[in-house]
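Engineer: Below is one structure. I have some questions about it.
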Protein chains: 4
Amino acid sequence: MREYPFQQEFQVRDYECDMQGHVNHAVYLNYLEHCRHEFIKKLGLDYSELVRRGISLVIIRAEVDYKYSLRSGQHFVVGVILERVSPLRYRFIQDVYLLPEKKLVLRARVTGTGVSATGRPQLPQEISAALDKVS
Amino acid sequence: MREYPFQQEFQVRDYECDMQGHVNHAVYLNYLEHCRHEFIKKLGLDYSELVRRGISLVIIRAEVDYKYSLRSGQHFVVGVILERVSPLRYRFIQDVYLLPEKKLVLRARVTGTGVSATGRPQLPQEISAALDKVS
Amino acid sequence: MREYPFQQEFQVRDYECDMQGHVNHAVYLNYLEHCRHEFIKKLGLDYSELVRRGISLVIIRAEVDYKYSLRSGQHFVVGVILERVSPLRYRFIQDVYLLPEKKLVLRARVTGTGVSATGRPQLPQEISAALDKVS
Amino acid sequence: MREYPFQQEFQVRDYECDMQGHVNHAVYLNYLEHCRHEFIKKLGLDYSELVRRGISLVIIRAEVDYKYSLRSGQHFVVGVILERVSPLRYRFIQDVYLLPEKKLVLRARVTGTGVSATGRPQLPQEISAALDKVS
């Protein structure tokens, strides 16, 4: 397991499992989102407060490689690394590991940007400044 | 909008929208899954029956490019194309369009395979045969 | 099956099923909500537009009796009846039936009201007027 | 806040919030379920293992009174009390409180039973014995 500037631990809840008894593949995107939002909160950016102020952070691309299926009750950790990929785009490298053995569960790359009220790409300077501290 | 061997229409439900008033990005994976399962049902493969028989179809990679955010009440269609990428792997090309104007909402590529009870890649011949009819 | 002023048909999607292979009990509240929102839309009330205008419709009580568990792919219908229970409160009587046999799946009673920006119960006259047409 | 034999703490995740910025009312049933499953796990009953053994624990009635709407990032605790209501039925009294002020968020009463493979009410003696230790 590599080093990450931010990590978040979770436990699988039974309602997240599908009829195979595994966490449904879409649910991992919820885990990844929660980890990203907790990460940026530590950088001073509260997602829900940004929404109230009319600033939309949106996902424009997600790539996920699923390696192992989590099951009921398992504990896992999500690590996240942030990269700036252009003036307006940031990429979150996110990896999930089963605990305690740190077996790789999935690798994801999630690219986001900001959007103005009229739908044009736009990232307020306060957000760029906060993200650039760790990217 | 290109031609697809299978299409499924949906309408956004309010509980699928997040605090921005958009469909949450993870919810699209639910839509895509439902479309795939309806598609393979038409090919004679019932996902839930396969699960009961101990045959696991799993997603090993998903790539999604988000172009436009759906909102409350909007109607949309998911088109799907199937490609065989190796003896054991199939890729679903899935595109989502807003209706009625057919504006592109997202493009996805979802790769799946089968897994035996012991976790090894395995695809029963009946499944390969059914999928090969359209890939 | 009794008569309802509004009915909505659905089909179970596989991602709504839990590890027992049944629709998870919480998911029915999603179905019921979607049916209520489609019902009030027919009365001229668009839930998402009300939210944008700062009008909060909230659920204050839900009672659900589960009689039968829906499974993958099943079709069902939700019927809804509206009752005014006080100047500010409305109760939705909602019943779910498996199709085509109309076997009873669940009975629910969901009570809602409106809340002002400061959190006090409040129901704009346009909403009362629309709901009173069918209650 | 009264005394409960079991309590579980949670934090609201952004994907659980709807377009009003509140936790959607159906999501609380997920929280309540997770709390119940953690509670019975402490009594020696693992829900997912019971499912694998063909023992279905099902919810037959849920009543929820919503008092306050949780928002992004808030911490809360779910307390649970178990009551036996008949030879085959158990009722979970579940209350949710906002932290740290312990403001009441909701009160719920959730009744469950066991169902045999043929759909008849049935509760294996090991389950009754475990639940009776705390009811």
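Going through the structure tokens in order, the chains are called A, B, and so on, while each chain numbers its residues from 1 and the ligands are numbered from 1 in the order shown.
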With only C-alpha atoms considered, list every residue of chain C at most 9 Å from chain B, as a PyMOL selection string.
Structural biologist: chain C and resi 13-15+21+30+33-34+37-38+47-48+52+71-73
Engineer: Determine, counting only C-alpha atoms, which protein, DNA and RNA residues have an atom within 6 Å of an atom of stretch 55-70 of chain D; residues of the same chain fewer than 2 positions away are not included. Present the result as a list in words.
Structural biologist: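 These residues fall inside the cut-off: Ile60, Arg61, Ala62, Glu63, Val64, Asp65 and Tyr66 of chain C; His22, Val23, Leu50, Val51, Arg53, Val105, Leu106, Arg107, Ala108, Arg109, Val110, Thr111, Gly112, Thr113, Gly114 and Val115 of chain D.
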Engineer: As an exercise, work out the distance from atom CA of B:Gln8 to atom CA of D:Met19 in Å and give it to one decimal place.
Structural biologist: 25.6 Å
Engineer: Compile the contact shell of C:Gly79 as a PyMOL selection string: residues with an atom at most 7 Å away, counting only C-alpha atoms, same-chain residues fewer than 6 positions apart removed.
Structural biologist: chain C and resi 4+6-8+94-96
Engineer: Grab the atom CA of B:Val85 to atom CA of B:Pro5 distance for me, in Å with one decimal place.
Structural biologist: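 So the two atoms, atom CA of B:Val85 and atom CA of B:Pro5, lie 17.7 Å apart.
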Engineer: Mind the document's chain letters and residue numbers, and return as an MDAnalysis selection string the residues of stretch 19-131 of chain D that DSSP labels strand (DSSP E).
Structural biologist: chainID D and resid 56:66 75:84 90:99 103:115
Engineer: List as an NGL selection string the protein and nucleic acid residues near D:Leu98, meaning an atom at most 8 Å away when only C-alpha atoms are counted, but skip any in the same chain fewer than 5 places from it.
Structural biologist: :D and (70 or 74-77 or 103-105)
Engineer: Once you have the residues from the selection above, write them out as a compact mmCIF listing (two decimals), in the first residue's frame, restricted to all heavy atoms.
Structural biologist:
# COMPACT_ATOMS: atom_id res chain seq x y z
N LEU D 70 -31.64 15.76 9.14
CA LEU D 70 -30.17 15.81 9.16
C LEU D 70 -29.64 16.39 7.86
O LEU D 70 -30.25 16.26 6.81
CB LEU D 70 -29.61 14.41 9.38
CG LEU D 70 -29.82 13.81 10.76
CD1 LEU D 70 -29.42 12.34 10.77
CD2 LEU D 70 -29.00 14.58 11.81
N GLN D 74 -23.31 16.11 9.34
CA GLN D 74 -23.70 16.02 10.76
C GLN D 74 -23.43 14.63 11.32
O GLN D 74 -23.56 13.63 10.64
CB GLN D 74 -25.18 16.40 10.92
CG GLN D 74 -25.41 17.89 10.70
CD GLN D 74 -26.85 18.31 10.93
OE1 GLN D 74 -27.78 17.59 10.58
NE2 GLN D 74 -27.04 19.49 11.52
N HIS D 75 -23.10 14.62 12.60
CA HIS D 75 -22.89 13.36 13.32
C HIS D 75 -24.16 13.05 14.10
O HIS D 75 -24.83 13.96 14.58
CB HIS D 75 -21.70 13.50 14.28
CG HIS D 75 -20.38 13.62 13.59
ND1 HIS D 75 -19.52 12.56 13.42
CD2 HIS D 75 -19.79 14.67 12.99
CE1 HIS D 75 -18.45 12.96 12.75
NE2 HIS D 75 -18.58 14.24 12.48
N PHE D 76 -24.44 11.77 14.20
CA PHE D 76 -25.65 11.38 14.95
C PHE D 76 -25.47 9.98 15.52
O PHE D 76 -24.55 9.25 15.12
CB PHE D 76 -26.90 11.46 14.06
CG PHE D 76 -26.85 10.57 12.84
CD1 PHE D 76 -27.47 9.33 12.83
CD2 PHE D 76 -26.19 10.98 11.68
CE1 PHE D 76 -27.43 8.52 11.70
CE2 PHE D 76 -26.14 10.17 10.55
CZ PHE D 76 -26.76 8.94 10.57
N VAL D 77 -26.34 9.65 16.45
CA VAL D 77 -26.26 8.34 17.09
C VAL D 77 -27.63 7.69 17.00
O VAL D 77 -28.66 8.36 17.09
CB VAL D 77 -25.79 8.46 18.57
CG1 VAL D 77 -26.76 9.28 19.40
CG2 VAL D 77 -25.57 7.09 19.19
N LYS D 103 -30.16 16.26 20.18
CA LYS D 103 -31.50 16.68 19.72
C LYS D 103 -32.14 15.48 19.02
O LYS D 103 -31.50 14.81 18.21
CB LYS D 103 -31.30 17.83 18.73
CG LYS D 103 -32.57 18.42 18.13
CD LYS D 103 -32.16 19.43 17.04
CE LYS D 103 -33.34 19.95 16.27
NZ LYS D 103 -33.99 21.09 16.92
N LEU D 104 -33.42 15.24 19.29
CA LEU D 104 -34.11 14.09 18.70
C LEU D 104 -34.34 14.31 17.20
O LEU D 104 -34.91 15.31 16.79
CB LEU D 104 -35.46 13.88 19.39
CG LEU D 104 -36.26 12.66 18.93
CD1 LEU D 104 -35.54 11.35 19.23
CD2 LEU D 104 -37.65 12.67 19.57
N VAL D 105 -33.92 13.35 16.39
CA VAL D 105 -34.08 13.41 14.93
C VAL D 105 -35.28 12.59 14.49
O VAL D 105 -36.08 13.03 13.67
CB VAL D 105 -32.79 12.93 14.24
CG1 VAL D 105 -32.99 12.78 12.74
CG2 VAL D 105 -31.63 13.87 14.54
Engineer: Run DSSP on the backbone and give me the residues of chain A it puts in alpha helix (DSSP H), as a compact mmCIF listing (two decimals) with all heavy atoms, in the first residue's frame.
Structural biologist:
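Everything below was put into selection-v5.txt:
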# COMPACT_ATOMS: atom_id res chain seq x y z
N VAL A 27 -21.84 1.25 -5.71
CA VAL A 27 -21.71 1.76 -4.34
C VAL A 27 -20.29 2.27 -4.07
O VAL A 27 -20.09 3.20 -3.29
CB VAL A 27 -22.12 0.67 -3.33
CG1 VAL A 27 -21.81 1.08 -1.90
CG2 VAL A 27 -23.61 0.34 -3.49
N TYR A 28 -19.30 1.67 -4.73
CA TYR A 28 -17.92 2.13 -4.51
C TYR A 28 -17.77 3.61 -4.90
O TYR A 28 -16.96 4.31 -4.33
CB TYR A 28 -16.93 1.28 -5.32
CG TYR A 28 -16.82 -0.14 -4.84
CD1 TYR A 28 -17.53 -1.17 -5.46
CD2 TYR A 28 -16.01 -0.47 -3.76
CE1 TYR A 28 -17.43 -2.49 -5.02
CE2 TYR A 28 -15.90 -1.79 -3.32
CZ TYR A 28 -16.61 -2.78 -3.95
OH TYR A 28 -16.51 -4.07 -3.51
N LEU A 29 -18.55 4.05 -5.89
CA LEU A 29 -18.47 5.47 -6.26
C LEU A 29 -18.98 6.37 -5.13
O LEU A 29 -18.52 7.49 -4.98
CB LEU A 29 -19.22 5.75 -7.57
CG LEU A 29 -18.33 5.57 -8.81
CD1 LEU A 29 -18.14 4.11 -9.15
CD2 LEU A 29 -18.85 6.34 -9.99
N ASN A 30 -19.92 5.85 -4.35
CA ASN A 30 -20.37 6.59 -3.16
C ASN A 30 -19.23 6.67 -2.14
O ASN A 30 -18.97 7.74 -1.58
CB ASN A 30 -21.55 5.89 -2.50
CG ASN A 30 -22.83 5.91 -3.33
OD1 ASN A 30 -23.64 5.00 -3.28
ND2 ASN A 30 -23.04 6.98 -4.08
N TYR A 31 -18.57 5.56 -1.90
CA TYR A 31 -17.44 5.56 -0.96
C TYR A 31 -16.36 6.55 -1.41
O TYR A 31 -15.83 7.31 -0.62
CB TYR A 31 -16.79 4.18 -0.86
CG TYR A 31 -17.64 3.03 -0.36
CD1 TYR A 31 -17.38 1.72 -0.80
CD2 TYR A 31 -18.68 3.21 0.56
CE1 TYR A 31 -18.10 0.63 -0.33
CE2 TYR A 31 -19.42 2.12 1.02
CZ TYR A 31 -19.12 0.83 0.57
OH TYR A 31 -19.84 -0.26 1.02
N LEU A 32 -16.04 6.48 -2.70
CA LEU A 32 -14.98 7.35 -3.23
C LEU A 32 -15.37 8.81 -3.08
O LEU A 32 -14.55 9.65 -2.70
CB LEU A 32 -14.71 7.02 -4.71
CG LEU A 32 -14.20 5.60 -5.01
CD1 LEU A 32 -14.07 5.40 -6.53
CD2 LEU A 32 -12.88 5.30 -4.33
N GLU A 33 -16.64 9.13 -3.36
CA GLU A 33 -17.11 10.51 -3.22
C GLU A 33 -16.99 10.97 -1.78
O GLU A 33 -16.52 12.08 -1.50
CB GLU A 33 -18.57 10.64 -3.69
CG GLU A 33 -19.10 12.06 -3.55
CD GLU A 33 -20.61 12.17 -3.68
OE1 GLU A 33 -21.11 12.04 -4.81
OE2 GLU A 33 -21.30 12.39 -2.65
N HIS A 34 -17.45 10.12 -0.85
CA HIS A 34 -17.39 10.53 0.56
C HIS A 34 -15.95 10.81 0.98
O HIS A 34 -15.67 11.80 1.65
CB HIS A 34 -18.02 9.47 1.45
CG HIS A 34 -18.07 9.88 2.89
ND1 HIS A 34 -18.68 11.03 3.32
CD2 HIS A 34 -17.55 9.30 4.01
CE1 HIS A 34 -18.54 11.16 4.63
NE2 HIS A 34 -17.86 10.12 5.06
N CYS A 35 -15.05 9.96 0.53
CA CYS A 35 -13.62 10.16 0.85
C CYS A 35 -13.12 11.49 0.25
O CYS A 35 -12.41 12.25 0.92
CB CYS A 35 -12.82 8.98 0.33
SG CYS A 35 -11.04 9.17 0.53
N ARG A 36 -13.47 11.77 -1.00
CA ARG A 36 -13.03 13.04 -1.62
C ARG A 36 -13.58 14.25 -0.85
O ARG A 36 -12.86 15.22 -0.62
CB ARG A 36 -13.50 13.14 -3.08
CG ARG A 36 -12.81 12.19 -4.03
CD ARG A 36 -13.07 12.56 -5.50
NE ARG A 36 -14.47 12.64 -5.83
CZ ARG A 36 -15.24 11.62 -6.20
NH1 ARG A 36 -14.74 10.40 -6.28
NH2 ARG A 36 -16.51 11.81 -6.49
N HIS A 37 -14.85 14.16 -0.46
CA HIS A 37 -15.44 15.31 0.22
C HIS A 37 -14.83 15.52 1.61
O HIS A 37 -14.66 16.66 2.05
CB HIS A 37 -16.97 15.14 0.30
CG HIS A 37 -17.65 15.31 -1.03
ND1 HIS A 37 -19.00 15.50 -1.16
CD2 HIS A 37 -17.16 15.30 -2.30
CE1 HIS A 37 -19.32 15.61 -2.45
NE2 HIS A 37 -18.21 15.48 -3.15
N GLU A 38 -14.49 14.43 2.28
CA GLU A 38 -13.82 14.57 3.57
C GLU A 38 -12.41 15.13 3.37
O GLU A 38 -11.92 15.91 4.19
CB GLU A 38 -13.75 13.21 4.28
CG GLU A 38 -15.09 12.71 4.78
CD GLU A 38 -15.70 13.59 5.85
OE1 GLU A 38 -15.13 13.66 6.96
OE2 GLU A 38 -16.74 14.21 5.58
N PHE A 39 -11.77 14.72 2.29
CA PHE A 39 -10.42 15.19 1.97
C PHE A 39 -10.44 16.71 1.73
O PHE A 39 -9.66 17.46 2.34
CB PHE A 39 -9.93 14.44 0.72
CG PHE A 39 -8.58 14.85 0.20
CD1 PHE A 39 -7.54 15.19 1.06
CD2 PHE A 39 -8.33 14.85 -1.18
CE1 PHE A 39 -6.28 15.53 0.55
CE2 PHE A 39 -7.09 15.18 -1.68
CZ PHE A 39 -6.06 15.54 -0.82
N ILE A 40 -11.34 17.17 0.86
CA ILE A 40 -11.34 18.62 0.56
C ILE A 40 -11.83 19.44 1.76
O ILE A 40 -11.46 20.60 1.91
CB ILE A 40 -12.12 18.97 -0.74
CG1 ILE A 40 -13.62 18.71 -0.61
CG2 ILE A 40 -11.53 18.24 -1.94
CD1 ILE A 40 -14.43 19.22 -1.81
N LYS A 41 -12.63 18.80 2.63
CA LYS A 41 -13.06 19.51 3.84
C LYS A 41 -11.84 19.85 4.70
O LYS A 41 -11.75 20.94 5.27
CB LYS A 41 -14.04 18.64 4.63
CG LYS A 41 -14.81 19.39 5.71
CD LYS A 41 -15.79 18.48 6.44
CE LYS A 41 -17.01 18.16 5.58
NZ LYS A 41 -17.97 17.25 6.28
N LYS A 42 -10.88 18.91 4.74
CA LYS A 42 -9.65 19.16 5.48
C LYS A 42 -8.83 20.30 4.86
O LYS A 42 -8.02 20.93 5.52
CB LYS A 42 -8.77 17.90 5.52
CG LYS A 42 -9.15 16.97 6.64
CD LYS A 42 -8.06 15.96 6.91
CE LYS A 42 -6.68 16.59 7.14
NZ LYS A 42 -5.68 15.55 7.47
N TYR A 47 -18.11 20.88 0.64
CA TYR A 47 -18.89 20.67 -0.57
C TYR A 47 -20.30 21.24 -0.47
O TYR A 47 -20.79 21.93 -1.37
CB TYR A 47 -18.95 19.17 -0.89
CG TYR A 47 -19.81 18.83 -2.08
CD1 TYR A 47 -19.33 18.94 -3.38
CD2 TYR A 47 -21.12 18.39 -1.91
CE1 TYR A 47 -20.11 18.63 -4.47
CE2 TYR A 47 -21.92 18.09 -3.00
CZ TYR A 47 -21.42 18.21 -4.27
OH TYR A 47 -22.21 17.91 -5.34
N SER A 48 -20.99 20.95 0.64
CA SER A 48 -22.39 21.38 0.75
C SER A 48 -22.49 22.90 0.85
O SER A 48 -23.44 23.50 0.35
CB SER A 48 -23.08 20.71 1.94
OG SER A 48 -22.51 21.15 3.15
N GLU A 49 -21.49 23.52 1.47
CA GLU A 49 -21.51 24.99 1.55
C GLU A 49 -21.25 25.58 0.15
O GLU A 49 -21.85 26.58 -0.23
CB GLU A 49 -20.43 25.45 2.53
CG GLU A 49 -20.54 26.92 2.91
CD GLU A 49 -19.22 27.47 3.41
OE1 GLU A 49 -18.58 26.80 4.26
OE2 GLU A 49 -18.78 28.54 2.89
N LEU A 50 -20.36 24.95 -0.62
CA LEU A 50 -20.12 25.42 -1.99
C LEU A 50 -21.41 25.34 -2.81
O LEU A 50 -21.75 26.26 -3.55
CB LEU A 50 -19.01 24.60 -2.65
CG LEU A 50 -17.60 24.76 -2.04
CD1 LEU A 50 -16.63 23.75 -2.66
CD2 LEU A 50 -17.07 26.18 -2.25
N VAL A 51 -22.15 24.24 -2.66
CA VAL A 51 -23.41 24.09 -3.39
C VAL A 51 -24.36 25.22 -3.01
O VAL A 51 -24.98 25.84 -3.88
CB VAL A 51 -24.06 22.72 -3.09
CG1 VAL A 51 -25.49 22.65 -3.67
CG2 VAL A 51 -23.22 21.58 -3.67
N ARG A 52 -24.46 25.51 -1.70
CA ARG A 52 -25.37 26.59 -1.26
C ARG A 52 -24.95 27.93 -1.86
O ARG A 52 -25.79 28.79 -2.11
CB ARG A 52 -25.38 26.70 0.27
CG ARG A 52 -26.30 25.68 0.93
CD ARG A 52 -26.55 25.99 2.41
NE ARG A 52 -25.37 25.79 3.22
CZ ARG A 52 -24.99 24.63 3.75
NH1 ARG A 52 -25.72 23.55 3.53
NH2 ARG A 52 -23.90 24.53 4.47
N GLN A 125 -10.98 30.97 -7.59
CA GLN A 125 -9.59 30.97 -7.17
C GLN A 125 -9.39 30.34 -5.80
O GLN A 125 -8.41 29.66 -5.56
CB GLN A 125 -9.08 32.43 -7.19
CG GLN A 125 -7.57 32.56 -7.42
CD GLN A 125 -6.77 32.36 -6.14
OE1 GLN A 125 -7.24 32.64 -5.06
NE2 GLN A 125 -5.55 31.84 -6.28
N GLU A 126 -10.35 30.52 -4.88
CA GLU A 126 -10.20 29.93 -3.55
C GLU A 126 -10.10 28.41 -3.62
O GLU A 126 -9.43 27.77 -2.82
CB GLU A 126 -11.38 30.33 -2.64
CG GLU A 126 -12.70 29.66 -3.05
CD GLU A 126 -13.88 30.00 -2.15
OE1 GLU A 126 -13.98 29.44 -1.04
OE2 GLU A 126 -14.69 30.83 -2.57
N ILE A 127 -10.82 27.83 -4.62
CA ILE A 127 -10.79 26.37 -4.74
C ILE A 127 -9.46 25.92 -5.33
O ILE A 127 -8.81 25.01 -4.81
CB ILE A 127 -11.99 25.88 -5.60
CG1 ILE A 127 -13.29 26.21 -4.86
CG2 ILE A 127 -11.88 24.39 -5.87
CD1 ILE A 127 -14.55 25.77 -5.57
N SER A 128 -9.04 26.57 -6.41
CA SER A 128 -7.74 26.23 -6.99
C SER A 128 -6.65 26.34 -5.94
O SER A 128 -5.79 25.46 -5.82
CB SER A 128 -7.38 27.19 -8.13
OG SER A 128 -8.36 27.17 -9.12
N ALA A 129 -6.69 27.42 -5.18
CA ALA A 129 -5.63 27.65 -4.19
C ALA A 129 -5.62 26.53 -3.15
O ALA A 129 -4.56 26.01 -2.78
CB ALA A 129 -5.83 29.00 -3.52
N ALA A 130 -6.82 26.12 -2.70
CA ALA A 130 -6.89 25.07 -1.68
C ALA A 130 -6.39 23.74 -2.25
O ALA A 130 -5.61 23.02 -1.61
CB ALA A 130 -8.33 24.92 -1.18
N LEU A 131 -6.81 23.42 -3.48
CA LEU A 131 -6.43 22.14 -4.07
C LEU A 131 -4.94 22.10 -4.41
O LEU A 131 -4.29 21.05 -4.32
CB LEU A 131 -7.27 21.85 -5.33
CG LEU A 131 -8.79 21.70 -5.10
CD1 LEU A 131 -9.50 21.43 -6.42
CD2 LEU A 131 -9.09 20.59 -4.10
N ASP A 132 -4.41 23.25 -4.80
CA ASP A 132 -3.01 23.26 -5.20
C ASP A 132 -2.07 23.01 -4.03
O ASP A 132 -0.91 22.65 -4.23
CB ASP A 132 -2.66 24.58 -5.89
CG ASP A 132 -3.19 24.61 -7.33
OD1 ASP A 132 -3.55 23.53 -7.85
OD2 ASP A 132 -3.26 25.69 -7.92
Engineer: Interatomic distance between atom CA of B:Pro87 and atom CA of B:Gly44?
Structural biologist: 19.8 Å
